[in-house]
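Peer 1: Provided herewith: entry.txt, compact mmCIF, C-alpha atoms and all ligand atoms.
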# COMPACT_ATOMS: atom_id res chain seq x y z
CA MET A 294 14.89 -23.87 1.68
CA ILE A 295 14.56 -20.49 0.01
CA PRO A 296 17.33 -20.19 -2.57
CA SER A 297 19.77 -17.34 -2.73
CA ASP A 298 20.38 -16.20 -6.27
CA THR A 299 22.74 -18.40 -8.23
CA ALA A 300 23.47 -15.90 -10.98
CA SER A 301 27.10 -17.03 -11.43
CA GLN A 302 26.07 -20.38 -12.97
CA TYR A 303 23.07 -18.98 -14.80
CA GLU A 304 22.95 -18.49 -18.54
CA ALA A 305 19.92 -17.38 -20.51
CA LEU A 306 18.74 -19.90 -23.11
CA THR A 307 18.38 -19.06 -26.78
CA PRO A 308 16.52 -21.09 -29.42
CA SER A 309 19.87 -22.26 -30.76
CA THR A 310 21.45 -23.23 -27.41
CA LEU A 311 18.37 -24.89 -25.93
CA PRO A 312 18.76 -28.31 -27.63
CA SER A 313 22.38 -28.75 -26.54
CA ARG A 314 21.66 -27.50 -23.01
CA LEU A 315 18.48 -29.49 -22.33
CA GLY A 316 18.94 -32.36 -24.78
CA GLY A 317 20.18 -34.65 -21.98
CA LEU A 318 16.95 -34.45 -20.00
CA SER A 319 15.26 -37.83 -20.30
CA ILE A 320 11.85 -36.35 -19.43
CA LEU A 321 12.17 -34.21 -22.57
CA THR A 322 13.64 -36.82 -24.91
CA ASN A 323 10.97 -39.30 -23.76
CA ARG A 324 8.09 -36.92 -24.28
CA VAL A 325 9.32 -34.66 -27.10
CA GLY A 326 11.74 -36.90 -28.97
CA PRO A 327 15.52 -36.83 -29.54
CA ALA A 328 17.19 -33.44 -29.31
CA ASP A 329 18.26 -33.53 -32.96
CA SER A 330 14.55 -33.43 -33.88
CA TRP A 331 13.81 -30.31 -31.79
CA GLN A 332 12.59 -27.02 -33.18
CA VAL A 333 12.59 -24.11 -30.77
CA GLU A 334 10.70 -20.85 -30.86
CA GLU A 335 10.77 -18.07 -28.23
CA VAL A 336 7.20 -16.87 -27.74
CA GLY A 337 7.27 -14.94 -24.44
CA ASP A 338 5.04 -11.88 -24.64
CA GLY A 339 4.72 -11.28 -20.89
CA ASN A 340 6.51 -8.65 -18.87
CA LEU A 341 9.22 -10.75 -17.24
CA ASN A 342 10.45 -14.05 -18.73
CA LEU A 343 11.66 -16.09 -21.67
CA VAL A 344 9.16 -18.69 -22.88
CA PHE A 345 10.16 -21.29 -25.48
CA ILE A 346 7.97 -23.76 -27.34
CA LEU A 347 9.99 -26.86 -27.99
CA ARG A 348 8.65 -29.17 -30.71
CA GLY A 349 10.12 -32.56 -31.53
CA ALA A 350 9.39 -35.82 -33.32
CA ALA A 351 7.26 -37.15 -30.43
CA GLY A 352 5.61 -34.06 -28.93
CA ALA A 353 6.12 -30.61 -27.52
CA ALA A 354 6.99 -28.83 -24.27
CA ILE A 355 7.15 -25.36 -22.78
CA VAL A 356 10.46 -24.19 -21.34
CA LYS A 357 10.07 -21.09 -19.20
CA GLN A 358 13.18 -19.31 -17.94
CA ALA A 359 13.39 -16.28 -15.70
CA LEU A 360 15.62 -13.43 -16.85
CA PRO A 361 17.70 -11.59 -14.25
CA TYR A 362 15.80 -8.38 -15.05
CA VAL A 363 12.31 -7.15 -15.95
CA ARG A 364 11.90 -7.93 -19.63
CA LEU A 365 9.38 -5.13 -20.12
CA VAL A 366 11.84 -2.50 -18.88
CA GLY A 367 15.30 -3.99 -19.52
CA GLU A 368 18.51 -4.62 -17.59
CA SER A 369 18.16 -1.34 -15.69
CA TRP A 370 15.55 -3.12 -13.49
CA PRO A 371 17.21 -6.26 -12.05
CA LEU A 372 14.87 -8.97 -10.77
CA PRO A 373 16.01 -12.13 -8.94
CA LEU A 374 16.00 -15.47 -10.68
CA LYS A 375 14.55 -17.07 -7.56
CA ARG A 376 11.05 -16.09 -8.74
CA SER A 377 11.23 -19.30 -10.73
CA PHE A 378 11.55 -21.24 -7.44
CA PHE A 379 8.37 -19.59 -6.15
CA GLU A 380 6.56 -20.28 -9.41
CA TYR A 381 7.53 -23.95 -9.28
CA ASN A 382 6.48 -24.26 -5.63
CA ALA A 383 3.18 -22.53 -6.30
CA LEU A 384 2.44 -24.70 -9.35
CA ILE A 385 2.92 -27.96 -7.46
CA ARG A 386 0.71 -26.74 -4.62
CA GLN A 387 -2.01 -25.54 -6.99
CA GLU A 388 -1.95 -28.91 -8.76
CA ALA A 389 -2.36 -30.69 -5.40
CA ARG A 390 -5.14 -28.35 -4.27
CA ASP A 391 -7.05 -28.28 -7.57
CA PRO A 392 -5.89 -31.18 -9.76
CA GLY A 393 -5.83 -30.40 -13.48
CA ALA A 394 -5.99 -26.63 -12.99
CA VAL A 395 -2.39 -25.85 -14.00
CA PRO A 396 0.00 -27.23 -16.62
CA GLU A 397 1.80 -30.40 -15.64
CA VAL A 398 5.33 -29.59 -14.45
CA TRP A 399 7.96 -31.93 -15.91
CA HIS A 400 11.24 -30.52 -14.60
CA PHE A 401 12.64 -27.69 -12.47
CA ASP A 402 16.22 -26.39 -12.56
CA GLU A 403 16.75 -23.90 -9.78
CA ALA A 404 20.19 -22.63 -10.82
CA GLN A 405 19.06 -21.95 -14.37
CA ALA A 406 15.63 -20.68 -13.23
CA ILE A 407 13.94 -23.05 -15.67
CA VAL A 408 10.54 -24.70 -15.37
CA VAL A 409 9.72 -27.28 -18.06
CA MET A 410 6.02 -27.87 -18.52
CA GLU A 411 3.38 -29.52 -20.61
CA PHE A 412 2.67 -27.59 -23.85
CA LEU A 413 -1.01 -26.67 -23.86
CA THR A 414 -2.52 -26.91 -27.32
CA PRO A 415 -4.70 -25.64 -28.97
CA HIS A 416 -4.97 -23.23 -26.03
CA ILE A 417 -4.58 -19.48 -26.30
CA ILE A 418 -4.20 -16.77 -23.68
CA LEU A 419 -7.70 -15.99 -22.42
CA ARG A 420 -7.20 -12.23 -22.77
CA HIS A 421 -6.64 -12.67 -26.52
CA GLY A 422 -9.84 -14.71 -26.77
CA LEU A 423 -11.80 -11.99 -24.93
CA ILE A 424 -10.46 -9.30 -27.27
CA ALA A 425 -11.55 -11.44 -30.23
CA GLY A 426 -15.04 -11.83 -28.71
CA LYS A 427 -14.82 -15.59 -28.06
CA ARG A 428 -16.96 -17.34 -25.44
CA TYR A 429 -15.76 -20.24 -23.29
CA LYS A 430 -18.21 -22.60 -21.66
CA GLY A 431 -18.02 -22.83 -17.87
CA LEU A 432 -15.27 -20.20 -17.68
CA GLY A 433 -16.38 -18.25 -14.61
CA GLU A 434 -17.47 -21.41 -12.81
CA ARG A 435 -14.09 -23.12 -13.33
CA LEU A 436 -12.12 -20.08 -12.25
CA GLY A 437 -14.33 -19.53 -9.19
CA ASP A 438 -13.72 -23.16 -8.19
CA PHE A 439 -9.97 -22.72 -8.74
CA CYS A 440 -9.92 -19.71 -6.44
CA ALA A 441 -11.95 -21.43 -3.73
CA ARG A 442 -9.89 -24.64 -3.79
CA THR A 443 -6.43 -23.11 -3.91
CA LEU A 444 -7.23 -20.30 -1.47
CA PHE A 445 -9.13 -22.43 1.06
CA ARG A 446 -6.66 -25.32 0.95
CA GLY A 447 -3.64 -23.03 1.32
CA SER A 448 -4.97 -21.46 4.51
CA ASP A 449 -5.34 -22.16 8.23
CA LEU A 450 -8.89 -23.27 7.43
CA SER A 451 -7.39 -26.44 6.00
CA MET A 452 -3.65 -26.88 6.61
CA THR A 453 -1.87 -27.97 9.76
CA PRO A 454 -0.28 -25.04 11.60
CA ALA A 455 3.22 -26.40 10.91
CA ALA A 456 2.64 -26.82 7.17
CA LYS A 457 0.97 -23.42 6.82
CA LYS A 458 3.71 -21.65 8.76
CA ALA A 459 6.41 -23.40 6.73
CA ASP A 460 4.75 -22.26 3.50
CA MET A 461 4.28 -18.74 4.83
CA ALA A 462 8.00 -18.64 5.56
CA LEU A 463 8.88 -20.07 2.16
CA PHE A 464 6.77 -17.64 0.14
CA ALA A 465 7.80 -14.70 2.34
CA GLY A 466 11.05 -14.88 0.35
CA ASN A 467 9.30 -13.62 -2.78
CA VAL A 468 10.20 -10.10 -1.70
CA GLU A 469 10.97 -8.47 -5.04
CA LEU A 470 7.82 -9.63 -6.80
CA CYS A 471 5.71 -8.51 -3.85
CA ASP A 472 7.53 -5.18 -4.05
CA ILE A 473 6.37 -4.84 -7.68
CA THR A 474 2.76 -5.40 -6.63
CA GLU A 475 3.07 -3.16 -3.58
CA ASN A 476 4.31 -0.25 -5.68
CA LEU A 477 2.69 -0.76 -9.06
CA VAL A 478 -0.76 -1.76 -7.82
CA PHE A 479 -1.27 0.09 -4.57
CA SER A 480 0.75 3.31 -4.83
CA ASP A 481 1.83 4.37 -8.33
CA PRO A 482 -1.66 5.07 -9.76
CA TYR A 483 -2.33 7.58 -6.98
CA PHE A 484 0.52 9.98 -7.73
CA ASN A 485 2.64 10.95 -10.70
CA ALA A 486 5.02 7.96 -10.42
CA LYS A 487 7.98 7.79 -12.78
CA LEU A 488 6.88 4.68 -14.68
CA ASN A 489 3.24 5.72 -15.10
CA HIS A 490 1.90 6.33 -18.59
CA HIS A 491 -1.56 6.86 -19.98
CA THR A 492 -3.66 7.44 -23.05
CA PRO A 493 -3.90 11.12 -24.06
CA GLY A 494 -7.24 12.53 -23.01
CA LEU A 495 -7.30 10.90 -19.58
CA GLU A 496 -5.72 13.87 -17.81
CA GLY A 497 -8.98 15.06 -16.21
CA ALA A 498 -9.86 11.56 -14.97
CA ILE A 499 -6.34 11.13 -13.57
CA ALA A 500 -6.47 14.50 -11.81
CA ARG A 501 -9.73 13.47 -10.13
CA ILE A 502 -8.25 10.17 -8.93
CA GLN A 503 -5.02 11.70 -7.69
CA ALA A 504 -6.85 14.48 -5.84
CA ASP A 505 -9.21 12.04 -4.11
CA MET A 506 -7.72 11.83 -0.64
CA ALA A 507 -10.21 9.24 0.60
CA LEU A 508 -9.19 7.06 -2.33
CA LYS A 509 -5.50 7.38 -1.42
CA VAL A 510 -6.34 6.39 2.14
CA ALA A 511 -8.40 3.40 0.96
CA ALA A 512 -5.62 2.24 -1.40
CA GLN A 513 -3.18 2.16 1.50
CA HIS A 514 -5.67 0.30 3.71
CA LEU A 515 -5.85 -2.26 0.91
CA LYS A 516 -2.06 -2.33 0.60
CA MET A 517 -1.78 -3.06 4.32
CA GLY A 518 -4.20 -5.94 3.82
CA PHE A 519 -1.98 -7.28 1.05
CA THR A 520 1.22 -7.01 3.08
CA SER A 521 -0.09 -8.23 6.41
CA GLN A 522 -3.14 -10.50 6.03
CA ALA A 523 -1.18 -13.70 5.41
CA GLU A 524 -4.33 -15.78 5.00
CA THR A 525 -3.41 -18.08 2.14
CA MET A 526 -1.05 -18.81 -0.74
CA LEU A 527 -2.13 -16.46 -3.52
CA HIS A 528 -1.50 -16.90 -7.20
CA GLY A 529 -0.57 -13.24 -6.89
CA ASP A 530 -1.13 -12.17 -10.52
CA LEU A 531 -4.44 -13.73 -11.49
CA HIS A 532 -5.48 -11.81 -14.58
CA THR A 533 -6.79 -13.00 -17.94
CA GLY A 534 -3.22 -13.11 -19.29
CA SER A 535 -2.45 -15.76 -16.65
CA ILE A 536 -5.13 -18.13 -17.97
CA MET A 537 -5.00 -20.37 -21.04
CA VAL A 538 -8.13 -21.68 -22.71
CA SER A 539 -9.28 -23.99 -25.46
CA ASP A 540 -12.88 -24.83 -26.32
CA ASP A 541 -12.93 -27.50 -23.61
CA ASP A 542 -10.10 -26.77 -21.19
CA ILE A 543 -9.10 -23.95 -18.84
CA ARG A 544 -5.70 -23.71 -17.13
CA VAL A 545 -4.11 -21.17 -14.84
CA ILE A 546 -0.45 -20.33 -15.49
CA ASP A 547 2.33 -18.04 -14.22
CA PRO A 548 2.08 -17.99 -10.40
CA GLU A 549 5.52 -16.43 -9.96
CA PHE A 550 4.01 -13.64 -7.81
CA ALA A 551 2.82 -16.25 -5.30
CA THR A 552 2.88 -15.06 -1.70
CA TYR A 553 0.79 -15.35 1.44
CA GLY A 554 -1.91 -12.70 1.41
CA PRO A 555 -5.64 -12.03 1.72
CA ILE A 556 -8.07 -14.51 0.15
CA GLY A 557 -9.89 -11.67 -1.61
CA PHE A 558 -6.80 -10.63 -3.59
CA ASP A 559 -6.89 -13.27 -6.34
CA VAL A 560 -10.69 -13.12 -6.56
CA GLY A 561 -10.67 -9.32 -6.85
CA MET A 562 -7.89 -9.25 -9.47
CA LEU A 563 -9.70 -11.81 -11.58
CA ILE A 564 -13.08 -10.05 -11.43
CA SER A 565 -11.32 -6.79 -12.24
CA ASN A 566 -9.86 -8.19 -15.43
CA PHE A 567 -13.27 -9.44 -16.62
CA LEU A 568 -14.77 -6.03 -15.86
CA MET A 569 -11.96 -4.34 -17.81
CA ALA A 570 -12.62 -6.70 -20.71
CA TYR A 571 -16.28 -5.60 -20.45
CA MET A 572 -15.39 -1.88 -20.51
CA SER A 573 -12.98 -2.35 -23.43
CA GLN A 574 -15.48 -4.00 -25.79
CA PRO A 575 -16.73 -0.83 -27.53
CA GLY A 576 -13.15 -0.39 -28.72
CA HIS A 577 -13.20 -3.78 -30.47
CA GLU A 578 -16.60 -3.75 -32.12
CA THR A 579 -16.91 -3.24 -35.86
CA SER A 580 -20.22 -1.37 -35.60
CA ALA A 581 -21.87 0.43 -32.69
CA GLY A 582 -23.42 -2.05 -30.25
CA ALA A 583 -22.08 -5.13 -32.07
CA ARG A 584 -20.45 -6.39 -28.86
CA ALA A 585 -23.45 -5.71 -26.57
CA GLY A 586 -24.36 -9.39 -26.29
CA TYR A 587 -20.75 -10.24 -25.65
CA GLN A 588 -20.60 -7.64 -22.89
CA ASP A 589 -23.59 -9.34 -21.24
CA TRP A 590 -21.70 -12.63 -21.44
CA LEU A 591 -18.64 -11.04 -19.79
CA LEU A 592 -20.83 -9.83 -16.93
CA SER A 593 -22.28 -13.32 -16.57
CA VAL A 594 -18.72 -14.70 -16.33
CA THR A 595 -17.87 -12.07 -13.70
CA ALA A 596 -20.91 -13.14 -11.70
CA ALA A 597 -20.07 -16.82 -12.09
CA VAL A 598 -16.54 -16.29 -10.75
CA TRP A 599 -17.96 -14.94 -7.50
CA THR A 600 -20.97 -17.27 -7.15
CA SER A 601 -18.86 -20.37 -7.88
CA PHE A 602 -16.14 -19.19 -5.53
CA GLU A 603 -18.75 -18.65 -2.83
CA ALA A 604 -20.43 -22.03 -3.41
CA GLU A 605 -17.18 -24.03 -3.51
CA PHE A 606 -15.75 -22.16 -0.52
CA THR A 607 -18.97 -23.01 1.34
CA ARG A 608 -18.69 -26.69 0.40
CA LEU A 609 -15.06 -26.80 1.54
CA TRP A 610 -15.96 -25.00 4.77
CA ARG A 611 -18.59 -27.61 5.52
CA GLU A 612 -16.63 -30.67 4.38
CA GLU A 613 -12.90 -29.88 4.76
CA ARG A 614 -12.52 -27.47 7.67
CA THR A 615 -9.63 -29.37 9.23
CA GLY A 616 -7.41 -26.43 10.20
CA ILE A 617 -7.13 -24.40 13.38
CA LEU A 618 -9.75 -21.81 12.41
CA TYR A 619 -13.47 -22.02 13.27
CA GLN A 620 -13.00 -25.61 14.46
CA ALA A 621 -15.90 -28.03 14.44
CA THR A 622 -15.03 -28.68 18.10
CA LEU A 623 -16.32 -25.19 18.85
CA TYR A 624 -19.37 -25.26 16.64
CA GLU A 625 -20.86 -28.45 15.18
CA ASP A 626 -19.58 -30.68 18.00
CA GLN A 627 -21.31 -28.45 20.55
CA GLY A 628 -24.58 -28.48 18.64
CA HIS A 629 -23.76 -24.94 17.45
CA GLY A 630 -23.69 -25.60 13.72
CA LEU A 631 -25.58 -22.35 13.24
CA ALA A 632 -22.63 -20.41 14.67
CA GLY A 633 -20.37 -22.12 12.10
CA GLU A 634 -22.70 -20.96 9.35
CA ILE A 635 -22.78 -17.42 10.73
CA ALA A 636 -18.98 -17.42 10.87
CA ARG A 637 -18.79 -18.63 7.27
CA ALA A 638 -21.18 -15.96 6.03
CA GLU A 639 -19.28 -13.26 7.91
CA ARG A 640 -15.93 -14.50 6.60
CA LEU A 641 -17.26 -14.53 3.03
CA GLY A 642 -18.49 -10.97 3.59
CA MET A 643 -14.96 -9.90 4.57
CA ILE A 644 -13.48 -11.64 1.52
CA TRP A 645 -16.08 -9.95 -0.71
CA ARG A 646 -15.29 -6.47 0.62
CA ASP A 647 -11.54 -7.06 0.25
CA ALA A 648 -12.08 -8.40 -3.27
CA LEU A 649 -14.00 -5.28 -4.36
CA GLY A 650 -11.19 -3.06 -3.13
CA PHE A 651 -8.49 -5.10 -4.88
CA CYS A 652 -10.66 -5.13 -7.99
CA GLY A 653 -10.71 -1.33 -7.99
CA VAL A 654 -6.96 -0.78 -7.52
CA GLU A 655 -6.21 -3.32 -10.28
CA MET A 656 -8.37 -1.28 -12.67
CA HIS A 657 -6.54 1.90 -11.82
CA ARG A 658 -3.07 0.46 -12.14
CA ARG A 659 -3.71 -1.26 -15.50
CA ILE A 660 -4.69 2.08 -17.01
CA LEU A 661 -2.43 4.53 -15.18
CA GLY A 662 0.63 2.53 -14.11
CA LEU A 663 3.49 0.77 -15.89
CA ALA A 664 1.84 -2.49 -16.97
CA HIS A 665 -1.26 -2.02 -19.09
CA ASN A 666 -3.77 -4.54 -20.46
CA ALA A 667 -3.98 -5.53 -24.11
CA ASP A 668 -7.79 -5.21 -23.76
CA PHE A 669 -7.31 -1.44 -23.87
CA GLU A 670 -3.88 -1.22 -25.56
CA ARG A 671 -5.17 -2.95 -28.69
CA ILE A 672 -7.77 -0.23 -29.24
CA SER A 673 -6.01 1.77 -31.93
CA ASP A 674 -8.22 4.87 -31.87
CA ALA A 675 -6.88 6.85 -28.90
CA PRO A 676 -10.08 8.86 -28.15
CA THR A 677 -12.12 5.62 -28.13
CA ARG A 678 -9.51 3.97 -25.91
CA ALA A 679 -9.52 6.92 -23.52
CA GLY A 680 -13.33 6.79 -23.27
CA CYS A 681 -13.30 3.08 -22.41
CA GLU A 682 -10.45 3.50 -19.93
CA ALA A 683 -12.13 6.47 -18.23
CA ARG A 684 -15.22 4.35 -17.58
CA ALA A 685 -13.07 1.58 -16.10
CA LEU A 686 -11.29 4.12 -13.90
CA ALA A 687 -14.64 5.42 -12.67
CA LEU A 688 -15.80 1.89 -11.94
CA GLY A 689 -12.58 1.21 -10.02
CA THR A 690 -13.12 4.32 -7.90
CA ALA A 691 -16.76 3.43 -7.25
CA LEU A 692 -15.82 -0.10 -6.17
CA ILE A 693 -13.13 1.09 -3.77
CA HIS A 694 -15.36 3.75 -2.20
CA GLY A 695 -18.44 1.53 -2.24
CA ARG A 696 -16.86 -1.73 -1.12
CA ASN A 697 -18.60 -1.79 2.24
CA GLY A 698 -22.02 -1.02 0.78
CA LEU A 699 -22.18 -3.15 -2.36
CA THR A 700 -23.88 -6.19 -0.93
CA GLY A 701 -23.72 -8.65 -3.79
CA ILE A 702 -22.52 -9.31 -7.31
CA PRO A 703 -25.78 -8.04 -8.94
CA ALA A 704 -25.08 -4.59 -7.46
CA VAL A 705 -21.58 -4.62 -8.99
CA LEU A 706 -22.93 -5.62 -12.40
CA ASP A 707 -25.57 -2.86 -12.23
CA LEU A 708 -22.85 -0.35 -11.41
CA ALA A 709 -20.71 -1.55 -14.33
CA ARG A 710 -23.72 -1.34 -16.70
CA ARG A 711 -24.58 2.16 -15.54
CA ILE A 712 -21.02 3.48 -15.82
CA SER A 713 -20.61 1.87 -19.26
CA LEU A 714 -23.30 4.26 -20.53
CA GLU A 715 -21.70 7.39 -19.09
CA ASN A 716 -18.92 9.68 -20.24
CA HIS A 717 -16.10 9.88 -17.68
CA LEU A 718 -13.54 11.86 -19.64
C1 LIG B 801 7.28 -5.11 -13.85
S1 LIG B 801 6.14 -6.36 -13.93
C2 LIG B 801 4.63 -5.62 -14.28
C3 LIG B 801 3.48 -6.52 -14.14
O1 LIG B 801 3.64 -7.66 -14.96
C4 LIG B 801 3.23 -8.82 -14.26
O2 LIG B 801 2.44 -9.63 -15.04
C5 LIG B 801 2.50 -8.31 -13.03
O3 LIG B 801 1.14 -8.08 -13.30
C6 LIG B 801 3.23 -7.06 -12.76
O4 LIG B 801 2.53 -6.17 -11.92
MG MG B 802 2.81 -13.32 -15.56
Could I get this file's structure written as structure tokens?
Peer 2:
Amino acid sequence: MIPSDTASQYEALTPSTLPSRLGGLSILTNRVGPADSWQVEEVGDGNLNLVFILRGAAGAAIVKQALPYVRLVGESWPLPLKRSFFEYNALIRQEARDPGAVPEVWHFDEAQAIVVMEFLTPHIILRHGLIAGKRYKGLGERLGDFCARTLFRGSDLSMTPAAKKADMALFAGNVELCDITENLVFSDPYFNAKLNHHTPGLEGAIARIQADMALKVAAQHLKMGFTSQAETMLHGDLHTGSIMVSDDDIRVIDPEFATYGPIGFDVGMLISNFLMAYMSQPGHETSAGARAGYQDWLLSVTAAVWTSFEAEFTRLWREERTGILYQATLYEDQGHGLAGEIARAERLGMIWRDALGFCGVEMHRRILGLAHNADFERISDAPTRAGCEARALALGTALIHGRNGLTGIPAVLDLARRISLENHL
């Protein structure tokens, strides 16, 4: 059942109250040690929640608690605690659909909007690693597999109609977080919205975007896809800040924006964030061209996300197509396996075109809207930052306009390489 908000019982944790409030949880005392050994640190640097690292005599844990408002903005923007319920439900489904991809969930308290999870160490947020110029083996491949498994297995290609419809109904309750995406991603960048902000020097690039009527039409076509193509359970906020990495492990975190939506949404958001990391690199290099090799690596990761997604989606299509869509009874069982393959290729083409559009709007909103990316924000020299951001904006526009004509990932990489050499201020 979708919870109503239980704000009357709710109380935000603090490092000093956490041991007395959670010290009775046997899952924590068993795995972390007795509460009198706990040391607690609040480390949340995201836009919405409290995140505590809890260390004790026997181990460590993460305690994540939703706040009743948007942390980035403050109490003037209330946000329901029930997002924690959607995060918990998404995490357990992602674990079932792609075992080992997300942190292990140890405990969920709906009234207090708390999820207690495994502490990932020595992991860091992927975005921080990309800013530092670190490479991670198998990164794009693992993330492409994650997208294919969670998106295929959460859809009518795989689930029973009853289970899929029940999950659609459940995640349809995540209204307020969808509302954030609907406004911040698909509308705000295309007019002078109240919460927008930008690097000085981008005014010309912004004027071009906001005067581009075809772009405003395309953004709303994409928004309609997001609101109405209830194809699968999305992560809903799959950027490089929602991924934790170590040298030999990759995990996806923070699915509180989970909702039913188009398969291409998560794939497009993810690719977008790698392409923004690519465009931001000149702002992080210590001498001109020092990050060129690293930029090539980022493009290879971008390519691997798509090619691995495509390959794993294809495998699942051939081996696990147990849902009500494109049934084997219509194709393979009639000796029409070729039709099944044509249907798969056409479906992947639709996902690809959707993904390119979502990729473009994500680029625009991370530079023009409320919530920016550290990839650009950490560039201290404003003219350099503006130059990098203007190239990313131009790439976003080209992807949205060109989404029906860009026939494969090599064409996208060529476009990114070309725009990275141009001045778009
Ligand atoms: C008000 S929340 C802004 C952004 O932070 C989250 O991580 C999502 O990306 C959201 O759009
Ligand atoms: Mg998040």
Peer 1: Record the distance separating CA of Phe479 in chain A and CA of Asn566 in chain A, expressed in Å with one decimal.
Peer 2: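 If I compute the distance from CA of Phe479 in chain A to CA of Asn566 in chain A, I get 16.1 Å.
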Peer 1: Identify, on the basis of all atoms listed in the file, every residue whose closest approach to Lys430 in chain A does not exceed 12 Å; exclude the query and any residue fewer than 5 positions from it along the same chain; express the result as a list in words.
Peer 2: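 Near neighbours after the sequence-gap exclusion: Arg435, Leu436, Val538, Ser539, Asp540, Asp541, Asp542, Ile543, Trp590, Leu591, Ser593, Val594 and Ala597 of chain A.
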Peer 1: For ligand MG 802 (chain B), list the contacting residues at 8 Å or closer, counting all atoms listed in the file, as a PDB file with C-alpha atoms, in the frame of the given file.
Peer 2:
ATOM      1  CA  GLY A 339       4.720 -11.280 -20.890  1.00  0.00           C
ATOM      2  CA  ASN A 340       6.510  -8.650 -18.870  1.00  0.00           C
ATOM      3  CA  LEU A 341       9.220 -10.750 -17.240  1.00  0.00           C
ATOM      4  CA  ASP A 530      -1.130 -12.170 -10.520  1.00  0.00           C
ATOM      5  CA  GLY A 534      -3.220 -13.110 -19.290  1.00  0.00           C
ATOM      6  CA  SER A 535      -2.450 -15.760 -16.650  1.00  0.00           C
ATOM      7  CA  ILE A 546      -0.450 -20.330 -15.490  1.00  0.00           C
ATOM      8  CA  ASP A 547       2.330 -18.040 -14.220  1.00  0.00           C
ATOM      9  CA  PRO A 548       2.080 -17.990 -10.400  1.00  0.00           C
ATOM     10  CA  GLU A 549       5.520 -16.430  -9.960  1.00  0.00           C
ATOM     11  CA  PHE A 550       4.010 -13.640  -7.810  1.00  0.00           C
TER      12      PHE A 550
END
Peer 1: Show me, as a list in words, the residues that have an atom within 10 Å of Ser480 in chain A when counting all atoms listed in the file, minus same-chain residues fewer than 5 positions from it.
Peer 2: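 Once the adjacent positions are removed, what remains is Thr474, Glu475, Asn485, Ala486, Lys509, Ala512, Gln513, Lys516, Val654, Arg658 and Gly662 of chain A.
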Peer 1: Just to confirm, what's the straight-line distance from CA of Arg671 in chain A to CA of Asp338 in chain A in Å (one decimal)?
Peer 2: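 Interatomic distance, CA of Arg671 in chain A to CA of Asp338 in chain A: 14.2 Å.
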Peer 1: How many Å separate CA of Leu708 in chain A from CA of Leu531 in chain A?
Peer 2: 22.8 Å
Peer 1: Output, as AutoDock Vina command-line options, the centre and edge lengths in Å (one decimal) of the axis-aligned box that contains all listed atoms of ligand LIG 801 (chain B) with 8 Å of margin on each side.
Peer 2:
--center_x 4.2 --center_y -7.4 --center_z -13.5 --size_x 22.1 --size_y 20.5 --size_z 19.1
